[in-house]
Amino acid sequence: MKNSIQRSEVSVQSATGGRRSTDTVMCRGFCRLRFPHFDLRNCFGFRDSRFGLVRRSSLFSVGGFTLIELLVVIAIIAILAGLLFPAIKGAMLKAKISQAKTDCNSIANAIRQYQTEYGKWPIPDSDEGVSGDTAYSEATTTKQYEIINVLRAIASGINANNALNPRRIVFLEPSSRKGAIDSSGYYVDPWSTTASIRVYTIKCDNDFNNIVNMNSGDRTNITITVKSKGPDGVAGTLATNDGDDILNFK
Ligand SMILES: [Ca+2]
Ligand SMILES: [Ca+2]
């Protein structure tokens, strides 16, 4: 097969005396035909029998880089990504915790402002026939969005016709983060999703005994509690120091 085998002559520079020599390499023609960037001569070093190694080897040459060089770069990028990912994840978690704390404080401050303005809680209290401290969350009949609507001066639900905020004062401007107020009007924490909403639970000292009864125990000398279940989505207990829960008073 005359065309299946080609003879290639390569001139290489001697490493020692600058003398030129000629090395003849047998190279199968199909290598060049099917892989234009592949040169069998580059896979292995040339060794001149008289002057020793005169040319370094390289594997595939792509756009000026060898395959080995590209693999090394990819490996370095992968290592750097592996090192940076935990740091980025930690920073994102801290940002969410900070946001939740800010939201809790904003809601509590809005309730205090309402109390100063109207001299009562924004929700029915013992003077209005409600006994005990009532939690406003997603899991009870006292929906959290009801108290949020009152504080935002939205005439809906128990605040229909602005019955509980007749001066229509906006006490609460929710966070500008996307989805902070969900489609139902709940003020949700940064871990909330459409499939699993996580609202801030609000409790006021409705019976005016300077104690707010929380599911993790009584809190004395605190009249407003706003709570996020935190990253784990589980309400903590006093025994676990509220776990990773985020509270307006801690
Ligand atoms: Ca109480
Ligand atoms: Ca928790």
# chains A, B, ... in the order shown; residues from 1 in each chain; ligands from 1
call {"tool": "residues_near_ligand", "arguments": {"ligand": "ligand 1", "cutoff": "10 Å", "atoms": "only C-alpha atoms and all ligand atoms", "output": "list in words"}}
result
Asp125, Ser126, Ser131, Gly132, Asp133, Thr134, Lys203, Cys204, Asp205, Asn206, Asp207, Phe208, Asn209, Asn210, Ile211, Val212, Asn213, Met214, Asp218, Arg219, Thr220, Asn221, Ile222, Thr223 and Ile224 of chain A
call {"tool": "write_last_selection", "arguments": {"atoms": "N, CA and C atoms", "output": "short mmCIF file (atom, residue, chain, number, x, y, z; two decimals), in the first residue's frame"}}
result
data_model
loop_
_atom_site.label_atom_id
_atom_site.label_comp_id
_atom_site.auth_asym_id
_atom_site.auth_seq_id
_atom_site.Cartn_x
_atom_site.Cartn_y
_atom_site.Cartn_z
N ASP A 125 -56.89 41.49 71.64
CA ASP A 125 -56.22 41.11 72.88
C ASP A 125 -57.26 40.81 73.96
N SER A 126 -56.79 40.68 75.20
CA SER A 126 -57.69 40.27 76.28
C SER A 126 -58.78 41.31 76.52
N SER A 131 -58.20 35.41 75.26
CA SER A 131 -57.39 35.02 76.41
C SER A 131 -56.06 34.43 75.94
N GLY A 132 -55.02 34.71 76.74
CA GLY A 132 -53.70 34.16 76.41
C GLY A 132 -53.05 34.86 75.23
N ASP A 133 -51.79 34.47 74.97
CA ASP A 133 -51.02 35.06 73.87
C ASP A 133 -51.23 34.21 72.62
N THR A 134 -51.57 34.85 71.57
CA THR A 134 -51.92 34.13 70.35
C THR A 134 -50.78 34.19 69.34
N LYS A 203 -45.88 36.75 68.04
CA LYS A 203 -46.69 36.67 69.25
C LYS A 203 -46.57 37.98 70.01
N CYS A 204 -47.70 38.43 70.54
CA CYS A 204 -47.69 39.61 71.40
C CYS A 204 -48.25 39.21 72.77
N ASP A 205 -47.90 40.02 73.75
CA ASP A 205 -48.38 39.75 75.11
C ASP A 205 -49.82 40.20 75.22
N ASN A 206 -50.70 39.41 74.61
CA ASN A 206 -52.11 39.80 74.50
C ASN A 206 -52.81 39.96 75.85
N ASP A 207 -52.33 39.20 76.86
CA ASP A 207 -53.02 39.26 78.15
C ASP A 207 -52.29 40.18 79.15
N PHE A 208 -51.32 40.90 78.66
CA PHE A 208 -50.64 41.95 79.44
C PHE A 208 -50.07 41.47 80.77
N ASN A 209 -49.41 40.31 80.79
CA ASN A 209 -48.77 39.83 82.02
C ASN A 209 -47.24 39.87 81.90
N ASN A 210 -46.74 40.56 80.87
CA ASN A 210 -45.30 40.70 80.63
C ASN A 210 -44.60 39.37 80.37
N ILE A 211 -45.34 38.41 79.91
CA ILE A 211 -44.77 37.12 79.54
C ILE A 211 -45.36 36.72 78.18
N VAL A 212 -44.50 36.31 77.30
CA VAL A 212 -44.98 35.75 76.03
C VAL A 212 -44.68 34.27 76.07
N ASN A 213 -45.72 33.49 75.96
CA ASN A 213 -45.55 32.04 75.98
C ASN A 213 -45.22 31.56 74.58
N MET A 214 -44.01 31.02 74.43
CA MET A 214 -43.58 30.49 73.14
C MET A 214 -43.59 28.97 73.20
N ASP A 218 -41.69 29.97 78.25
CA ASP A 218 -42.10 31.34 78.52
C ASP A 218 -40.92 32.30 78.38
N ARG A 219 -41.22 33.48 77.90
CA ARG A 219 -40.21 34.54 77.80
C ARG A 219 -40.71 35.71 78.64
N THR A 220 -40.05 35.92 79.75
CA THR A 220 -40.49 36.99 80.63
C THR A 220 -39.92 38.33 80.18
N ASN A 221 -40.65 39.37 80.54
CA ASN A 221 -40.26 40.74 80.25
C ASN A 221 -40.07 41.00 78.75
N ILE A 222 -40.69 40.18 77.97
CA ILE A 222 -40.68 40.40 76.52
C ILE A 222 -42.13 40.41 76.07
N THR A 223 -42.51 41.45 75.38
CA THR A 223 -43.93 41.58 75.03
C THR A 223 -44.20 41.30 73.55
N ILE A 224 -43.15 41.23 72.76
CA ILE A 224 -43.32 40.92 71.34
C ILE A 224 -42.24 39.92 70.94
#
call {"tool": "closest_atom_pairs", "arguments": {"of": "chain A", "to": "ligand 2", "cutoff": "7 Å", "atoms": "only C-alpha atoms and all ligand atoms", "output": "Markdown table"}}
result
| residue | atom | partner | partner_atom_place_in_ligand_line | distance |
| --- | --- | --- | --- | --- |
| A:Lys229 | CA | ligand 2 | 1 (Ca) | 4.2 |
| A:Gly230 | CA | ligand 2 | 1 (Ca) | 4.6 |
| A:Pro231 | CA | ligand 2 | 1 (Ca) | 6.3 |
| A:Asp232 | CA | ligand 2 | 1 (Ca) | 5.0 |
| A:Gly233 | CA | ligand 2 | 1 (Ca) | 5.3 |
| A:Val234 | CA | ligand 2 | 1 (Ca) | 4.1 |
| A:Ala235 | CA | ligand 2 | 1 (Ca) | 4.6 |
| A:Gly236 | CA | ligand 2 | 1 (Ca) | 4.9 |
| A:Asp242 | CA | ligand 2 | 1 (Ca) | 6.7 |
| A:Gly243 | CA | ligand 2 | 1 (Ca) | 5.2 |
| A:Asp244 | CA | ligand 2 | 1 (Ca) | 4.4 |
| A:Asp245 | CA | ligand 2 | 1 (Ca) | 4.2 |
call {"tool": "write_last_selection", "arguments": {"atoms": "C-alpha atoms", "output": "JSON list (two decimals), in the first residue's frame"}}
result
[["chain", "number", "residue", "atom", "x", "y", "z"],
["A", 229, "LYS", "CA", -37.30, 28.62, 62.48],
["A", 230, "GLY", "CA", -33.88, 29.23, 60.98],
["A", 231, "PRO", "CA", -31.96, 27.25, 58.34],
["A", 232, "ASP", "CA", -33.16, 23.86, 59.64],
["A", 233, "GLY", "CA", -36.83, 24.81, 59.38],
["A", 234, "VAL", "CA", -37.53, 23.34, 62.83],
["A", 235, "ALA", "CA", -38.67, 25.25, 65.89],
["A", 236, "GLY", "CA", -36.03, 24.84, 68.59],
["A", 242, "ASP", "CA", -33.60, 27.54, 70.43],
["A", 243, "GLY", "CA", -31.27, 25.70, 68.08],
["A", 244, "ASP", "CA", -30.65, 27.81, 65.04],
["A", 245, "ASP", "CA", -33.88, 29.76, 65.42]]
call {"tool": "select_by_dssp", "arguments": {"residues": "range 62-249 of chain A", "states": "strand (DSSP E or B)", "output": "ChimeraX atom specification"}}
result
/A:62,65-66,135-137,143,181,187-188,199,201-204,211-214,217-220,224-228,246-247
call {"tool": "closest_residue", "arguments": {"among": "A:Thr116, A:Asn248, A:Asn149, A:Ser228", "to": "Glu173 in chain A", "atoms": "only C-alpha atoms"}}
result
A:Asn149
call {"tool": "closest_residue", "arguments": {"among": "A:Ile147, A:Ala95, A:Leu80, A:Ala87", "to": "Arg177 in chain A", "atoms": "only C-alpha atoms"}}
result
A:Ala95
